[in-house]
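Asks: Pasting entry_5.txt here (compact mmCIF, C-alpha atoms (C1' of nucleotides)):
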# COMPACT_ATOMS: atom_id res chain seq x y z
CA MET A 1 71.54 127.85 259.45
CA ASN A 2 75.28 127.59 259.44
CA THR A 3 76.72 130.04 256.93
CA LYS A 4 74.96 133.31 256.42
CA SER A 5 74.63 134.20 252.77
CA ILE A 6 76.44 137.17 251.32
CA SER A 7 73.18 138.99 250.82
CA ASP A 8 72.10 138.47 254.40
CA GLU A 9 75.41 139.69 255.66
CA LEU A 10 75.28 142.82 253.53
CA LEU A 11 71.70 143.45 254.53
CA GLU A 12 72.53 143.09 258.20
CA PHE A 13 75.36 145.55 257.76
CA PHE A 14 73.25 148.20 256.06
CA LYS A 15 70.33 147.79 258.42
CA ALA A 16 72.67 148.18 261.35
CA LEU A 17 73.77 151.57 260.07
CA ALA A 18 70.40 152.71 258.77
CA ASP A 19 69.45 154.50 261.95
CA ALA A 20 70.44 158.00 263.01
CA ASN A 21 71.29 157.10 266.59
CA ARG A 22 73.26 154.02 265.63
CA LEU A 23 75.23 156.11 263.16
CA LYS A 24 75.98 158.54 265.97
CA ILE A 25 77.08 155.71 268.20
CA VAL A 26 79.49 154.50 265.55
CA GLY A 27 80.75 158.05 265.13
CA LEU A 28 81.35 158.41 268.85
CA LEU A 29 83.01 155.02 269.15
CA SER A 30 85.30 155.91 266.27
CA GLN A 31 86.98 158.32 268.69
CA LYS A 32 87.18 156.20 271.82
CA GLY A 33 85.38 153.50 273.74
CA PHE A 34 82.31 154.36 275.81
CA THR A 35 80.00 152.67 278.28
CA VAL A 36 76.29 152.25 277.73
CA GLU A 37 75.57 154.92 280.33
CA GLN A 38 77.85 157.44 278.73
CA LEU A 39 76.36 156.91 275.30
CA ALA A 40 72.87 157.16 276.74
CA ALA A 41 73.69 160.52 278.34
CA MET A 42 75.27 161.90 275.19
CA LEU A 43 72.47 160.78 272.89
CA GLU A 44 69.72 161.55 275.38
CA LEU A 45 68.36 158.03 275.20
CA ARG A 46 67.55 155.44 277.86
CA PRO A 47 70.26 152.90 278.63
CA SER A 48 67.94 150.11 277.55
CA THR A 49 67.56 151.70 274.14
CA VAL A 50 71.29 152.14 273.75
CA SER A 51 71.80 148.54 274.78
CA HIS A 52 69.40 147.50 272.06
CA HIS A 53 71.29 149.52 269.45
CA LEU A 54 74.62 148.14 270.56
CA SER A 55 73.39 144.59 270.30
CA ARG A 56 72.26 145.25 266.74
CA LEU A 57 75.63 146.74 265.88
CA ALA A 58 77.31 143.77 267.54
CA ARG A 59 75.24 141.31 265.50
CA ALA A 60 76.60 143.01 262.41
CA GLY A 61 80.09 142.66 263.82
CA LEU A 62 80.60 146.42 264.03
CA VAL A 63 81.21 146.77 267.77
CA SER A 64 82.43 144.63 270.62
CA ALA A 65 82.26 144.87 274.39
CA ARG A 66 85.04 144.68 276.91
CA ALA A 67 84.28 144.29 280.62
CA GLU A 68 85.90 146.88 282.86
CA GLY A 69 84.98 146.95 286.51
CA TYR A 70 81.31 147.75 286.86
CA TYR A 71 81.01 148.72 283.25
CA SER A 72 81.26 147.18 279.83
CA VAL A 73 83.13 149.40 277.46
CA TYR A 74 82.08 149.21 273.83
CA GLU A 75 84.54 149.68 271.03
CA LEU A 76 84.30 150.00 267.29
CA GLU A 77 85.49 147.09 265.17
CA THR A 78 87.21 149.24 262.61
CA ASP A 79 88.44 146.20 260.72
CA ALA A 80 84.94 144.93 260.06
CA LEU A 81 83.91 148.33 258.79
CA GLU A 82 86.87 148.61 256.47
CA ASP A 83 86.29 145.10 255.22
CA MET A 84 82.76 145.97 254.22
CA ALA A 85 83.77 149.18 252.52
CA ARG A 86 86.39 147.33 250.58
CA ARG A 87 83.95 144.64 249.57
CA LEU A 88 81.64 147.30 248.18
CA LEU A 89 84.47 148.50 246.00
CA SER A 90 85.37 145.02 244.85
CA ARG A 91 82.89 144.84 241.96
CA GLU A 92 82.25 141.17 242.67
CA GLU A 93 80.09 141.66 245.69
CA LEU A 94 77.06 143.30 244.14
CA PRO A 95 76.51 140.88 241.29
CA ALA A 96 76.62 138.15 243.93
CA VAL A 97 73.60 139.72 245.59
CA ALA A 98 71.65 139.21 242.40
CA ALA A 99 72.84 135.65 241.96
CA GLY A 100 69.96 133.25 242.05
CA ILE A 101 67.50 135.79 240.74
CA ASP A 102 65.82 134.52 237.61
CA LEU A 103 66.83 136.82 234.80
CA ASP A 104 64.37 135.15 232.45
CA ALA A 105 61.38 135.87 234.63
CA PHE A 106 60.41 138.79 232.41
CA ASP A 107 60.40 136.67 229.26
CA ARG A 108 58.36 133.98 230.94
CA LYS A 109 55.86 136.51 232.18
CA VAL A 110 55.43 137.96 228.71
CA VAL A 111 54.94 134.50 227.22
CA ALA A 112 52.40 133.67 229.87
CA ASP A 113 50.55 136.95 229.33
CA PHE A 114 50.23 136.36 225.59
CA SER A 115 49.51 132.66 225.68
CA LEU A 116 46.14 130.93 225.56
CA PRO A 117 45.46 127.98 227.86
CA ASP A 118 46.48 125.56 225.07
CA GLY A 119 49.91 127.20 224.83
CA ARG A 120 49.29 129.01 221.55
CA LEU A 121 49.69 132.78 221.29
CA GLU A 122 46.59 134.90 221.58
CA THR A 123 48.23 137.72 219.60
CA ILE A 124 51.68 138.68 218.50
CA PRO A 125 52.85 141.56 220.72
CA ALA A 126 53.32 144.87 218.97
CA GLN A 127 55.93 146.12 221.40
CA ARG A 128 59.48 145.36 220.50
CA LYS A 129 60.61 144.22 223.97
CA LYS A 130 57.75 141.82 224.35
CA LEU A 131 57.96 140.55 220.81
CA LEU A 132 61.59 139.65 221.41
CA ALA A 133 60.67 137.80 224.56
CA ILE A 134 58.16 135.74 222.56
CA LEU A 135 60.63 135.06 219.78
CA ARG A 136 63.29 133.89 222.24
CA HIS A 137 60.68 131.52 223.60
CA ILE A 138 59.77 130.13 220.19
CA VAL A 139 63.33 129.65 219.01
CA ALA A 140 63.75 126.97 221.63
CA ASP A 141 61.75 124.70 219.32
CA PHE A 142 64.61 124.73 216.82
CA ARG A 143 67.65 122.58 217.35
CA PHE A 144 71.18 123.81 216.94
CA GLY A 145 72.92 122.28 213.92
CA SER A 146 69.76 121.33 212.03
CA ARG A 147 68.75 122.89 208.71
CA TYR A 148 65.03 123.40 208.08
CA GLY A 149 63.11 123.91 204.84
CA GLU A 150 60.59 126.75 204.78
CA LYS A 151 57.69 124.31 204.95
CA ARG A 152 59.09 122.70 208.11
CA VAL A 153 59.75 126.12 209.65
CA ASN A 154 56.14 127.10 209.08
CA GLU A 155 54.89 123.90 210.69
CA ILE A 156 56.86 124.64 213.83
CA LEU A 157 55.85 128.29 213.97
CA ALA A 158 52.21 127.38 213.38
CA ARG A 159 52.20 125.63 216.74
CA HIS A 160 52.42 129.11 218.26
CA HIS A 161 50.46 131.33 215.91
CA GLU A 162 48.78 131.16 212.50
CA ASP A 163 50.60 134.17 211.10
CA THR A 164 53.72 132.20 210.34
CA ALA A 165 54.92 134.72 207.74
CA THR A 166 55.23 137.49 210.33
CA LEU A 167 56.85 135.21 212.86
CA ARG A 168 59.35 133.93 210.32
CA ARG A 169 60.26 137.41 209.16
CA GLU A 170 60.71 138.66 212.72
CA MET A 171 62.76 135.64 213.74
CA VAL A 172 65.18 136.28 210.92
CA GLY A 173 65.16 140.03 211.56
CA ALA A 174 66.06 139.45 215.19
CA GLY A 175 68.87 137.11 214.16
CA LEU A 176 67.34 134.18 215.99
CA LEU A 177 67.09 132.23 212.73
CA GLN A 178 69.37 132.58 209.72
CA ARG A 179 68.50 131.88 206.10
CA GLU A 180 70.43 131.05 202.98
CA ALA A 181 69.40 129.36 199.75
CA GLY A 182 65.91 128.58 201.01
CA LYS A 183 67.18 126.84 204.17
CA TYR A 184 66.87 128.10 207.77
CA TRP A 185 68.98 127.30 210.81
CA ARG A 186 69.54 128.45 214.37
CA PRO A 187 72.87 130.22 214.70
CA ALA A 188 75.18 129.30 217.55
CA SER A 189 75.32 131.42 220.68
CA MET B 1 67.24 173.31 253.81
CA ASN B 2 70.15 174.13 251.57
CA THR B 3 73.04 171.76 252.14
CA LYS B 4 72.34 168.31 253.42
CA SER B 5 74.59 167.44 256.34
CA ILE B 6 77.11 164.66 256.13
CA SER B 7 75.13 162.63 258.62
CA ASP B 8 71.92 162.98 256.64
CA GLU B 9 73.67 161.97 253.48
CA LEU B 10 75.20 158.90 255.08
CA LEU B 11 71.90 157.98 256.68
CA GLU B 12 70.06 158.30 253.38
CA PHE B 13 72.66 156.08 251.78
CA PHE B 14 72.39 153.33 254.36
CA LYS B 15 68.63 153.46 254.54
CA ALA B 16 68.46 153.16 250.76
CA LEU B 17 70.38 149.90 250.93
CA ALA B 18 68.79 148.54 254.09
CA ASP B 19 66.10 146.60 252.28
CA ALA B 20 66.40 143.16 250.74
CA ASN B 21 64.63 144.02 247.51
CA ARG B 22 66.51 147.27 247.02
CA LEU B 23 69.76 145.40 247.51
CA LYS B 24 68.67 142.94 244.84
CA ILE B 25 67.82 145.79 242.51
CA VAL B 26 71.27 147.24 242.97
CA GLY B 27 72.76 143.81 242.36
CA LEU B 28 70.81 143.40 239.15
CA LEU B 29 71.59 146.89 237.93
CA SER B 30 75.27 146.27 238.59
CA GLN B 31 75.13 143.91 235.60
CA LYS B 32 73.05 145.93 233.15
CA GLY B 33 70.23 148.43 232.93
CA PHE B 34 66.65 147.29 233.42
CA THR B 35 63.18 148.73 233.11
CA VAL B 36 60.71 148.91 235.97
CA GLU B 37 58.68 146.12 234.40
CA GLN B 38 61.61 143.82 234.04
CA LEU B 39 62.70 144.33 237.62
CA ALA B 40 59.16 143.79 238.81
CA ALA B 41 58.97 140.45 236.96
CA MET B 42 62.33 139.28 238.28
CA LEU B 43 61.65 140.26 241.87
CA GLU B 44 58.00 139.22 241.80
CA LEU B 45 56.85 142.64 242.92
CA ARG B 46 54.31 145.07 241.50
CA PRO B 47 55.66 147.79 239.22
CA SER B 48 54.40 150.44 241.62
CA THR B 49 56.46 148.92 244.40
CA VAL B 50 59.56 148.78 242.24
CA SER B 51 58.99 152.36 241.22
CA HIS B 52 58.91 153.31 244.87
CA HIS B 53 62.17 151.51 245.54
CA LEU B 54 63.85 153.08 242.56
CA SER B 55 62.86 156.55 243.67
CA ARG B 56 64.39 155.90 247.07
CA LEU B 57 67.59 154.69 245.46
CA ALA B 58 67.54 157.72 243.19
CA ARG B 59 67.14 160.08 246.16
CA ALA B 60 70.32 158.58 247.54
CA GLY B 61 71.99 159.14 244.19
CA LEU B 62 72.52 155.43 243.61
CA VAL B 63 70.55 155.01 240.38
CA SER B 64 69.44 157.17 237.47
CA ALA B 65 66.85 156.77 234.74
CA ARG B 66 67.30 157.09 231.01
CA ALA B 67 64.27 157.33 228.72
CA GLU B 68 64.20 154.78 225.93
CA GLY B 69 61.09 154.49 223.80
CA TYR B 70 58.16 153.53 225.96
CA TYR B 71 60.39 152.61 228.83
CA SER B 72 62.72 154.26 231.26
CA VAL B 73 65.83 152.24 231.75
CA TYR B 74 67.41 152.46 235.17
CA GLU B 75 71.13 152.25 235.64
CA LEU B 76 73.43 152.04 238.61
CA GLU B 77 75.50 155.08 239.49
CA THR B 78 78.63 153.16 240.24
CA ASP B 79 80.57 156.33 240.93
CA ALA B 80 78.29 157.37 243.75
CA LEU B 81 78.60 153.95 245.30
CA GLU B 82 82.37 153.95 245.09
CA ASP B 83 82.50 157.44 246.51
CA MET B 84 80.58 156.33 249.54
CA ALA B 85 82.69 153.25 250.08
CA ARG B 86 85.81 155.34 249.87
CA ARG B 87 84.43 157.86 252.31
CA LEU B 88 83.82 155.08 254.79
CA LEU B 89 87.46 154.16 254.55
CA SER B 90 88.63 157.74 254.92
CA ARG B 91 88.65 157.81 258.72
CA GLU B 92 87.43 161.40 258.72
CA GLU B 93 83.87 160.66 257.85
CA LEU B 94 82.78 158.84 260.98
CA PRO B 95 84.07 161.30 263.54
CA ALA B 96 82.21 163.95 261.56
CA VAL B 97 78.98 162.10 262.25
CA ALA B 98 79.58 162.53 265.94
CA ALA B 99 80.49 166.19 265.59
CA GLY B 100 78.08 168.38 267.46
CA ILE B 101 77.27 165.69 269.98
CA ASP B 102 77.97 166.91 273.46
CA LEU B 103 80.74 164.78 274.86
CA ASP B 104 80.28 166.33 278.31
CA ALA B 105 76.66 165.34 278.55
CA PHE B 106 77.56 162.42 280.79
CA ASP B 107 79.45 164.63 283.24
CA ARG B 108 76.60 167.10 283.37
CA LYS B 109 74.10 164.35 284.00
CA VAL B 110 76.14 163.00 286.88
CA VAL B 111 76.50 166.47 288.39
CA ALA B 112 72.78 167.04 288.05
CA ASP B 113 71.98 163.65 289.61
CA PHE B 114 74.12 164.34 292.67
CA SER B 115 73.26 168.01 293.15
CA LEU B 116 70.68 169.49 295.46
CA PRO B 117 68.46 172.31 294.24
CA ASP B 118 70.87 174.87 295.73
CA GLY B 119 73.74 173.49 293.64
CA ARG B 120 75.53 171.74 296.48
CA LEU B 121 76.28 168.04 296.36
CA GLU B 122 73.89 165.70 298.12
CA THR B 123 76.61 163.07 298.48
CA ILE B 124 80.01 162.37 297.06
CA PRO B 125 79.67 159.52 294.55
CA ALA B 126 81.40 156.29 295.50
CA GLN B 127 81.89 155.15 291.93
CA ARG B 128 85.10 156.17 290.30
CA LYS B 129 83.63 157.27 286.95
CA LYS B 130 81.02 159.45 288.58
CA LEU B 131 83.39 160.85 291.16
CA LEU B 132 85.67 161.98 288.36
CA ALA B 133 82.78 163.66 286.61
CA ILE B 134 82.06 165.61 289.80
CA LEU B 135 85.70 166.54 290.31
CA ARG B 136 86.00 167.81 286.74
CA HIS B 137 82.99 169.96 287.46
CA ILE B 138 84.42 171.39 290.65
CA VAL B 139 87.85 172.15 289.23
CA ALA B 140 86.25 174.77 287.00
CA ASP B 141 86.10 176.97 290.11
CA PHE B 142 89.89 177.18 290.15
CA ARG B 143 91.69 179.54 287.80
CA PHE B 144 94.73 178.53 285.77
CA GLY B 145 97.87 180.26 286.94
CA SER B 146 96.65 181.06 290.45
CA ARG B 147 98.15 179.56 293.58
CA TYR B 148 95.81 178.80 296.47
CA GLY B 149 96.51 178.25 300.16
CA GLU B 150 94.86 175.28 301.82
CA LYS B 151 92.41 177.51 303.61
CA ARG B 152 91.27 179.12 300.35
CA VAL B 153 91.01 175.70 298.70
CA ASN B 154 88.73 174.49 301.45
CA GLU B 155 86.51 177.55 301.11
CA ILE B 156 86.00 176.86 297.46
CA LEU B 157 85.41 173.14 297.97
CA ALA B 158 82.97 173.84 300.80
CA ARG B 159 80.65 175.48 298.27
CA HIS B 160 80.05 171.97 296.93
CA HIS B 161 80.24 169.69 299.93
CA GLU B 162 81.18 169.89 303.59
CA ASP B 163 83.69 167.03 303.41
CA THR B 164 86.43 169.23 302.03
CA ALA B 165 89.18 166.87 303.12
CA THR B 166 87.92 164.08 300.93
CA LEU B 167 87.34 166.37 298.00
CA ARG B 168 90.83 167.88 298.34
CA ARG B 169 92.49 164.50 298.52
CA GLU B 170 90.60 163.17 295.48
CA MET B 171 91.27 166.29 293.45
CA VAL B 172 94.98 165.89 294.00
CA GLY B 173 94.81 162.14 293.44
CA ALA B 174 93.09 162.66 290.13
CA GLY B 175 95.71 165.20 289.11
CA LEU B 176 93.17 167.97 288.80
CA LEU B 177 94.98 169.99 291.46
CA GLN B 178 98.67 169.89 292.23
CA ARG B 179 100.33 170.64 295.53
CA GLU B 180 103.74 171.71 296.63
CA ALA B 181 104.98 173.43 299.76
CA GLY B 182 101.47 173.92 301.10
CA LYS B 183 100.26 175.65 297.97
CA TYR B 184 97.73 174.26 295.42
CA TRP B 185 97.28 175.12 291.75
CA ARG B 186 95.46 173.90 288.68
CA PRO B 187 97.90 172.34 286.22
CA ALA B 188 97.71 173.30 282.56
CA SER B 189 95.94 171.08 279.97
C1' DA C 1 76.29 136.76 302.52
C1' DT C 2 74.14 141.20 301.53
C1' DA C 3 73.55 145.40 299.14
C1' DC C 4 74.38 147.92 295.24
C1' DT C 5 74.79 148.98 290.24
C1' DA C 6 75.37 148.66 285.18
C1' DA C 7 73.68 146.12 281.71
C1' DT C 8 70.39 143.27 279.55
C1' DT C 9 65.92 141.43 278.59
C1' DC C 10 60.97 141.77 278.13
C1' DG C 11 56.34 143.61 276.88
C1' DA C 12 53.91 147.39 275.16
C1' DT C 13 53.34 151.38 272.22
C1' DG C 14 53.84 154.32 268.40
C1' DA C 15 56.10 155.63 264.11
C1' DC C 16 57.89 154.53 259.85
C1' DC C 17 57.61 152.19 255.60
C1' DA C 18 57.12 148.11 252.18
C1' DT C 19 53.55 146.61 249.52
C1' DC C 20 49.42 146.63 247.02
C1' DG C 21 45.52 148.25 243.85
C1' DA C 22 43.60 152.29 241.76
C1' DT C 23 44.33 156.49 239.60
C1' DT C 24 46.99 159.87 237.20
C1' DT C 25 50.76 161.36 234.32
C1' DA C 26 54.01 161.42 230.52
C1' DG C 27 55.29 159.87 226.34
C1' DT C 28 54.58 156.86 222.05
C1' DT C 29 52.22 155.10 218.13
C1' DT C 30 48.67 155.26 214.69
C1' DA D 1 43.76 164.04 217.68
C1' DA D 2 42.88 159.44 219.66
C1' DA D 3 44.37 155.20 221.63
C1' DC D 4 47.60 152.99 224.08
C1' DT D 5 51.26 151.92 227.64
C1' DA D 6 55.01 152.22 231.13
C1' DA D 7 55.82 154.69 234.95
C1' DA D 8 54.67 157.54 238.79
C1' DT D 9 51.61 158.92 242.45
C1' DC D 10 48.14 158.24 246.00
C1' DG D 11 45.62 156.06 249.92
C1' DA D 12 45.22 152.16 252.69
C1' DT D 13 47.03 148.26 255.26
C1' DG D 14 50.12 145.34 257.64
C1' DG D 15 54.65 144.38 259.52
C1' DT D 16 59.00 145.85 261.39
C1' DC D 17 61.40 148.20 264.75
C1' DA D 18 62.91 152.35 267.86
C1' DT D 19 61.84 153.65 272.27
C1' DC D 20 60.36 153.40 276.82
C1' DG D 21 59.65 151.58 281.76
C1' DA D 22 59.75 147.49 284.50
C1' DA D 23 61.82 143.31 285.72
C1' DT D 24 65.84 140.41 285.56
C1' DT D 25 70.72 139.26 285.37
C1' DA D 26 75.62 139.58 286.24
C1' DG D 27 79.12 141.30 288.64
C1' DT D 28 81.33 144.35 292.37
C1' DA D 29 81.88 146.13 296.81
C1' DT D 30 80.92 146.11 301.78
Show how you would write the structure in this file as structure tokens.
Replies:
Amino acid sequence: MNTKSISDELLEFFKALADANRLKIVGLLSQKGFTVEQLAAMLELRPSTVSHHLSRLARAGLVSARAEGYYSVYELETDALEDMARRLLSREELPAVAAGIDLDAFDRKVVADFSLPDGRLETIPAQRKKLLAILRHIVADFRFGSRYGEKRVNEILARHHEDTATLRREMVGAGLLQREAGKYWRPAS
Amino acid sequence: MNTKSISDELLEFFKALADANRLKIVGLLSQKGFTVEQLAAMLELRPSTVSHHLSRLARAGLVSARAEGYYSVYELETDALEDMARRLLSREELPAVAAGIDLDAFDRKVVADFSLPDGRLETIPAQRKKLLAILRHIVADFRFGSRYGEKRVNEILARHHEDTATLRREMVGAGLLQREAGKYWRPAS
DNA sequence: ATACTAATTCGATGACCATCGATTTAGTTT
DNA sequence: AAACTAAATCGATGGTCATCGAATTAGTAT
């Protein structure tokens, strides 16, 4: 309600400029101010249409109106435009747009696709990317700092799939579990 | 056909980013490369939809694909994005968008609105802005460098409207004609 | 106060396009 | 070669929005 999110603001900005006639309006206003009538004549549009475009540009903060006698003269807010351009260069803005998007959604989808109703795996995926997603899911059953014997490891893996040998080998291969002297553990990070 | 105009290029750019999901895609790709599948899972869209979005972004030069095993990994073309942002700051780009737009269209429309079929004025506009448009039109009948007597001035003005006194006074008031010692001329510039 | 005028708002219409499911394509693995 | 899979393409559908004309508003001039 109150503060508009960064994404919304960016979106509003791009949508405002994503129209040929609005781009032309901005181009014209970059030279000097114009009235609605003048713009309508130059663009061969109806004043009502131009008014609509100007209000969209104004919502995005790109233009502002100044009353002058009969007319209202519209002018370009060059500062707002430069601000936006600079923000695009800032390298912090774009990642912010993706903030809040669940990066693990893919893993979860893969797990769901390969899981039976009881939570066990129907099959072990052959494709590398999906196998890794599954393995990342399984490794959550191991605690950091604990050391497991091979028998205990197999018990845990068996909750997901009977082929514990394959799972164990892949877990180690992917670096999700480490092994030394017959003991397994989950490496930090 | 050959070269895409500056306006078209800018428009393509803005339209590519004027969609919430495409903005999110750009935000995600600003962190690392992703496959169509992964993006689809994260955005909760169908792969075909994501593919469509990516092709639009690619048309605008904002992303590119790299084949990797089964998948094609999409990556952000950060250079293209920075180029665009810099162009927006350049202060030469926007006026170029308006290039080719007829700045005199307003004047011509006013002249047309107030002219009778025979080319003479129906009335002299009361509004300042429109009166000036008419006067600028009429002054084209006077040559630079010539000096006109009042009688000759009236003859020329009478081609447009019978009230030559008003026209003459307004022309001088607007600075379109200058007068000294009973002679009139059209000042340079 | 009355008349006039530019601008805005409103309702309707048509075009564009985001999205989907189905199909096809390109490329990989066995 | 055959089987498989991610991605791309296609056709259909629904929603958004540019555009217009008509009605309304705000503000100026007579």
Asks: Pull out every residue of chain A that has at least one atom within 12 Å of chain D, counting all atoms listed in the file, and report them as a list of chain:residue names.
Replies: A:Lys15, A:Ala16, A:Ala18, A:Asp19, A:Ala20, A:Asn21, A:Arg22, A:Glu44, A:Leu45, A:Arg46, A:Pro47, A:Ser48, A:Thr49, A:Val50, A:Ser51, A:His52, A:His53, A:Arg56, A:Ala67, A:Glu68, A:Gly69, A:Tyr70, A:Tyr71, A:Ser72, A:Ala126, A:Gln127
Asks: Please, could you write that set of residues out with C-alpha atoms as an mmCIF file, in the coordinates of the input?
Replies:
data_model
loop_
_atom_site.group_PDB
_atom_site.id
_atom_site.type_symbol
_atom_site.label_atom_id
_atom_site.label_comp_id
_atom_site.auth_asym_id
_atom_site.auth_seq_id
_atom_site.Cartn_x
_atom_site.Cartn_y
_atom_site.Cartn_z
ATOM 1 C CA LYS A 15 70.330 147.790 258.420
ATOM 2 C CA ALA A 16 72.670 148.180 261.350
ATOM 3 C CA ALA A 18 70.400 152.710 258.770
ATOM 4 C CA ASP A 19 69.450 154.500 261.950
ATOM 5 C CA ALA A 20 70.440 158.000 263.010
ATOM 6 C CA ASN A 21 71.290 157.100 266.590
ATOM 7 C CA ARG A 22 73.260 154.020 265.630
ATOM 8 C CA GLU A 44 69.720 161.550 275.380
ATOM 9 C CA LEU A 45 68.360 158.030 275.200
ATOM 10 C CA ARG A 46 67.550 155.440 277.860
ATOM 11 C CA PRO A 47 70.260 152.900 278.630
ATOM 12 C CA SER A 48 67.940 150.110 277.550
ATOM 13 C CA THR A 49 67.560 151.700 274.140
ATOM 14 C CA VAL A 50 71.290 152.140 273.750
ATOM 15 C CA SER A 51 71.800 148.540 274.780
ATOM 16 C CA HIS A 52 69.400 147.500 272.060
ATOM 17 C CA HIS A 53 71.290 149.520 269.450
ATOM 18 C CA ARG A 56 72.260 145.250 266.740
ATOM 19 C CA ALA A 67 84.280 144.290 280.620
ATOM 20 C CA GLU A 68 85.900 146.880 282.860
ATOM 21 C CA GLY A 69 84.980 146.950 286.510
ATOM 22 C CA TYR A 70 81.310 147.750 286.860
ATOM 23 C CA TYR A 71 81.010 148.720 283.250
ATOM 24 C CA SER A 72 81.260 147.180 279.830
ATOM 25 C CA ALA A 126 53.320 144.870 218.970
ATOM 26 C CA GLN A 127 55.930 146.120 221.400
#
Asks: Give me the chain B side of the contact with chain A, cut-off 8 Å, one line per residue showing its nearest atom pair and distance in Å at one decimal, counting only C-alpha atoms, sorted by chain and residue number, as a tab-separated table.
Replies:
residue	atom	partner	partner_atom	distance
B:Ser7	CA	A:Ala20	CA	7.9
B:Leu11	CA	A:Ala18	CA	5.9
B:Glu12	CA	A:Ala18	CA	7.8
B:Phe14	CA	A:Ala18	CA	4.9
B:Lys15	CA	A:Ala18	CA	4.6
B:Leu17	CA	A:Phe14	CA	6.1
B:Ala18	CA	A:Lys15	CA	4.7
B:Asp19	CA	A:Leu11	CA	6.8
B:Ala20	CA	A:Leu11	CA	6.5
B:Leu23	CA	A:Val97	CA	7.1
B:Lys24	CA	A:Ala98	CA	5.4
B:Ile25	CA	A:Ala98	CA	7.6
B:Val26	CA	A:Leu94	CA	7.1
B:Gly27	CA	A:Leu94	CA	4.7
B:Leu28	CA	A:Ala98	CA	5.4
B:Ser30	CA	A:Pro95	CA	6.2
B:Gln31	CA	A:Pro95	CA	6.6
B:Glu37	CA	A:Phe106	CA	7.8
B:Gln38	CA	A:Phe106	CA	5.4
B:Leu39	CA	A:Phe106	CA	7.9
B:Ala41	CA	A:Phe106	CA	5.1
B:Met42	CA	A:Ala105	CA	5.1
B:Leu43	CA	A:Ile101	CA	7.4
B:Leu81	CA	A:Leu88	CA	7.9
B:Glu82	CA	A:Leu89	CA	5.9
B:Ala85	CA	A:Ala85	CA	4.9
B:Arg86	CA	A:Ala85	CA	7.0
B:Leu88	CA	A:Ala85	CA	6.3
B:Leu89	CA	A:Glu82	CA	5.9
B:Leu94	CA	A:Gly27	CA	4.7
B:Pro95	CA	A:Gly27	CA	4.9
B:Ala96	CA	A:Gly27	CA	7.0
B:Val97	CA	A:Gly27	CA	5.3
B:Ala98	CA	A:Gly27	CA	4.7
B:Ile101	CA	A:Met42	CA	6.7
B:Asp102	CA	A:Met42	CA	5.9
B:Leu103	CA	A:Met42	CA	6.2
B:Asp104	CA	A:Met42	CA	7.4
B:Ala105	CA	A:Met42	CA	5.0
B:Phe106	CA	A:Ala41	CA	5.0
B:Lys109	CA	A:Ala41	CA	6.8
Asks: With a distance threshold of 12 Å and counting only C-alpha atoms (C1' of nucleotides), extract the residues of chain C near chain B and express them as a count of residues only.
Replies: 14
Asks: Quick one: pull the distance between atom CA of A:Glu75 and atom CA of A:Val63, Å, one decimal.
Replies: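 Those two atoms sit 5.5 Å apart.
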Asks: What gap, in Å, lies between atom CA of B:Val36 and atom CA of A:Leu132?
Replies: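 Interatomic distance here is 17.3 Å.
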Asks: Could you tell me how far atom CA of A:Pro125 sits from atom CA of A:Tyr148, in Å to one decimal place?
Replies: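 Computing the Euclidean distance for atom CA of A:Tyr148 and atom CA of A:Pro125 yields 25.3 Å.
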Asks: Which one of A:Ser55, A:Ile156, A:Glu9, A:Glu150 sits closest to C:DT8 if you count only C-alpha atoms (C1' of nucleotides)?
Replies: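 Ranking A:Ser55, A:Ile156, A:Glu9, A:Glu150 by distance to C:DT8, first place goes to A:Ser55.
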Asks: Quick one: everything within 9 Å of A:Arg147, counting all atoms listed in the file, minus sequence neighbours fewer than 3 positions away in the same chain. Send it as a ChimeraX atom specification.
Replies: /A:143-144,183-186
